[in-house]
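What follows is a single structure, written as structure tokens, with notes after it.
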Amino acid sequence: MVVLYMRTKSTSYCIIIVIVLLHFLSLGCHKKAQEDAFKAGYIKGMKASQADEINGSLENIYRLGLEKYKEKNFKGAIACFTRVIELDPDNCQAYASRGLAIKEIGEYENALNDCEKAIEIDKSSPHGYFCRGYVNVAMGKLDDAQKDFIRAISLDDKDIRAYMGLAEVKEKLGDITGAIKESDIVVQVDGNYTNAFQYRSYLKALVKDYEGAFTDINKVIEMEPDNWGAFSDRADLNSEIGEFEGALSDYNKAIELNQRDGMMFNNRGLIKIKLGDFGGAIDDCEIAIKLSPGVPQPYKNIGLAKEGKGDHKGAIESFDKAIELDVKYAEAYYYRAKAKKALGDNEGAKGDYEKARELDSTLFE
């Protein structure tokens, strides 16, 4: 069976993990105030004008690091956390936070070193363990990550960042039911924590519990009416159950709130294909290409829209581009085969069908 739209872990959930960390990183394990420690300074590698930003207390420097982390300015965050460490070498909070920032630039061993230093400074705090857990997740060391999150929970059974991390590990291990149970605990601890509801909605959709998934995502939207990611996720759910008009409405709202996410335009384009608006679908996918250059999905979807308009030759050109960007893109081969067959190129179609089957046999179920 061929699925035009397949729900995957959305961009919005990727953001959730960052927000989960930020929600708690300010809860440090090192309590010394040292308000007068930083009078003036220059962070190595930064311009003097940038260094002016971080004049102030250790707390202010640390919070600036969190802001830079949130903005995905990871090098700036690392510089801030490094300055805190220079001024307060026993601040495990700064080591753990710097480890997370270093993880984001792909230097996993250095990230681990920082997390382990945080643990060495204060073994009684969950902070270093949950941070190391996230680094281990990034490195694919799921067993080690699971141990770290469990250790963090043993130190603080209300540490929802560790439960969220444990849920992610269980999801990656294929234990969706277990991941949902960890999310349940987070919701019980903090009934206003929308990130947990949003993630649990995603997990429930994986096990086809659409009623539960809608209940959770609707709660997020009720609590945060400007959460574009929640509208995008609800659009995904509506698409899965065939409510394409509802999906279109939700994507319209999500895009109204955030016009910089290329994949939302791409996904709305897919919905428009379902509704027969092929011209609108092409327009959306062309915007997606501008916002997310180098991504193959919009080209494949433009091909589908051209197929819908009867332009088989144009469709093949779009599928060619998608395959050029990703030579393992099974759906692009599959749909190019259909277009070739429509033009009478049975030999070319056969080759593409064989390649598609080799890459993803489920397309033929």
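FYI, nothing fancy with the structure tokens labels: chains A, B, ... in order, residues from 1 per chain, ligands from 1 as they appear.
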Exercise for review: Find the residues around segment 226-236 of chain A up to 6 Å (only C-alpha atoms counted), leave out those fewer than 5 positions away in its own chain, and share them as a PyMOL selection string.
Suggested key: chain A and resi 12+247+250-251+254+257
Review point. Looking only at the backbone, which of the residues in segment 80-320 of chain A does DSSP tag as alpha helix (DSSP H), as number ranges by chain?
Key: A: 80-87, 92-104, 108-121, 127-138, 142-155, 160-172, 176-189, 194-206, 210-223, 228-240, 244-257, 262-274, 278-291, 297-308, 312-320
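Minimum distance to Leu166 of chain A across A:Tyr333, A:Tyr129, A:Tyr108, A:Tyr202 (counting only C-alpha atoms) occurs at A:Tyr129.
The list of residues with at least one atom within 8 Å of segment 306-315 of chain A, based on only C-alpha atoms and without residues fewer than 3 positions apart in the same chain, reads Ile273, Gly276, Phe278, Ile302, Gly303, Ser318, Phe319, Arg336, Ala339, Lys340, Ala342 and Leu343 of chain A.
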Nearby residues (only C-alpha atoms) at most 12 Å from Asp157 of chain A, same-chain spacing under 3 positions excluded, as a PDB file with C-alpha atoms, in the first residue's frame:
```pdb
ATOM      1  CA  SER A 125      22.380  15.766  41.660  1.00  0.00           C
ATOM      2  CA  PRO A 126      20.378  14.319  38.750  1.00  0.00           C
ATOM      3  CA  PHE A 149      17.875   8.537  33.085  1.00  0.00           C
ATOM      4  CA  ILE A 150      16.955   5.844  35.613  1.00  0.00           C
ATOM      5  CA  ARG A 151      19.777   7.062  37.867  1.00  0.00           C
ATOM      6  CA  ALA A 152      18.524  10.644  37.570  1.00  0.00           C
ATOM      7  CA  ILE A 153      15.026   9.499  38.522  1.00  0.00           C
ATOM      8  CA  SER A 154      16.399   7.597  41.534  1.00  0.00           C
ATOM      9  CA  ILE A 160      10.376  15.193  34.439  1.00  0.00           C
ATOM     10  CA  ARG A 161      13.315  15.868  32.100  1.00  0.00           C
ATOM     11  CA  ALA A 162      14.640  12.397  32.986  1.00  0.00           C
ATOM     12  CA  TYR A 163      11.238  10.777  32.421  1.00  0.00           C
ATOM     13  CA  GLU A 182       6.844   7.513  31.109  1.00  0.00           C
ATOM     14  CA  ILE A 185       4.224  10.147  34.791  1.00  0.00           C
ATOM     15  CA  VAL A 186       5.341  13.535  33.469  1.00  0.00           C
ATOM     16  CA  GLN A 188       0.902  13.429  36.561  1.00  0.00           C
ATOM     17  CA  VAL A 189       3.812  15.411  37.999  1.00  0.00           C
TER      18      VAL A 189
END
```
Exercise for review: Tell me which protein, DNA and RNA residues are within 12 Å of Met223 of chain A, counting only C-alpha atoms, leaving out same-chain ones fewer than 2 positions away, and put them as a PyMOL selection string.
Suggested key: chain A and resi 191-195+197-198+216-221+225-227+230
Write the residues of the selection above to a file with C-alpha atoms, as an mmCIF file, in the first residue's frame.
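Writing done, so here's selection_0.cif:
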```
data_model
loop_
_atom_site.group_PDB
_atom_site.id
_atom_site.type_symbol
_atom_site.label_atom_id
_atom_site.label_comp_id
_atom_site.auth_asym_id
_atom_site.auth_seq_id
_atom_site.Cartn_x
_atom_site.Cartn_y
_atom_site.Cartn_z
ATOM 1 C CA GLY A 191 -0.428 18.723 34.456
ATOM 2 C CA ASN A 192 0.410 22.013 32.743
ATOM 3 C CA TYR A 193 3.489 20.747 30.945
ATOM 4 C CA THR A 194 2.327 20.950 27.343
ATOM 5 C CA ASN A 195 5.474 19.380 25.866
ATOM 6 C CA PHE A 197 1.028 16.170 26.171
ATOM 7 C CA GLN A 198 2.353 16.942 22.697
ATOM 8 C CA ASP A 216 -3.704 15.343 24.103
ATOM 9 C CA ILE A 217 -2.998 17.644 21.156
ATOM 10 C CA ASN A 218 -6.273 19.506 21.662
ATOM 11 C CA LYS A 219 -5.223 20.167 25.251
ATOM 12 C CA VAL A 220 -1.932 21.612 24.036
ATOM 13 C CA ILE A 221 -3.754 23.942 21.632
ATOM 14 C CA PRO A 225 -3.183 28.741 21.125
ATOM 15 C CA ASP A 226 -0.057 30.108 19.412
ATOM 16 C CA ASN A 227 1.772 26.771 19.371
ATOM 17 C CA ALA A 230 0.659 21.623 17.874
#
```
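In this model, the gap between atom CA of Phe265 of chain A and atom CA of Ile287 of chain A comes to 6.8 Å.
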Exercise for review: Please measure the separation of atom CA of Asp326 of chain A and atom CA of Lys341 of chain A, giving the value in Å to one decimal.
Suggested key: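 Going from atom CA of Asp326 of chain A over to atom CA of Lys341 of chain A covers 22.0 Å.
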Review point. How many Å lie between atom CA of Lys170 of chain A and atom CA of Glu358 of chain A, rounded to one decimal?
Key: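 Pair atom CA of Lys170 of chain A / atom CA of Glu358 of chain A returns 29.0 Å.
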Point to revise | Contacts of Leu325 of chain A within 10 Å, only C-alpha atoms, excl. fewer than 4 positions in-chain, as an MDAnalysis selection string | key: chainID A and resid 294:297 299 319:321 329
Store the residues picked out above, limited to C-alpha atoms, as a PDB file, in the first residue's frame.
```pdb
ATOM      1  CA  GLY A 294      18.326  20.302  -0.796  1.00  0.00           C
ATOM      2  CA  VAL A 295      15.343  18.440   0.660  1.00  0.00           C
ATOM      3  CA  PRO A 296      13.946  15.869  -1.825  1.00  0.00           C
ATOM      4  CA  GLN A 297      10.352  15.527  -0.590  1.00  0.00           C
ATOM      5  CA  TYR A 299      10.276  17.639  -5.599  1.00  0.00           C
ATOM      6  CA  PHE A 319      11.029  12.670  -9.564  1.00  0.00           C
ATOM      7  CA  ASP A 320      14.475  12.755 -11.223  1.00  0.00           C
ATOM      8  CA  LYS A 321      15.397  15.758  -9.076  1.00  0.00           C
ATOM      9  CA  TYR A 329      14.291   7.659  -1.994  1.00  0.00           C
TER      10      TYR A 329
END
```
Exercise for review: Please provide as a PyMOL selection string all residues within 7 Å of Ala96 of chain A, with the sequence filter that same-chain residues fewer than 2 positions apart are discarded (counting only C-alpha atoms).
Suggested key: chain A and resi 92-94+98-100+114-115+118+127-128+131
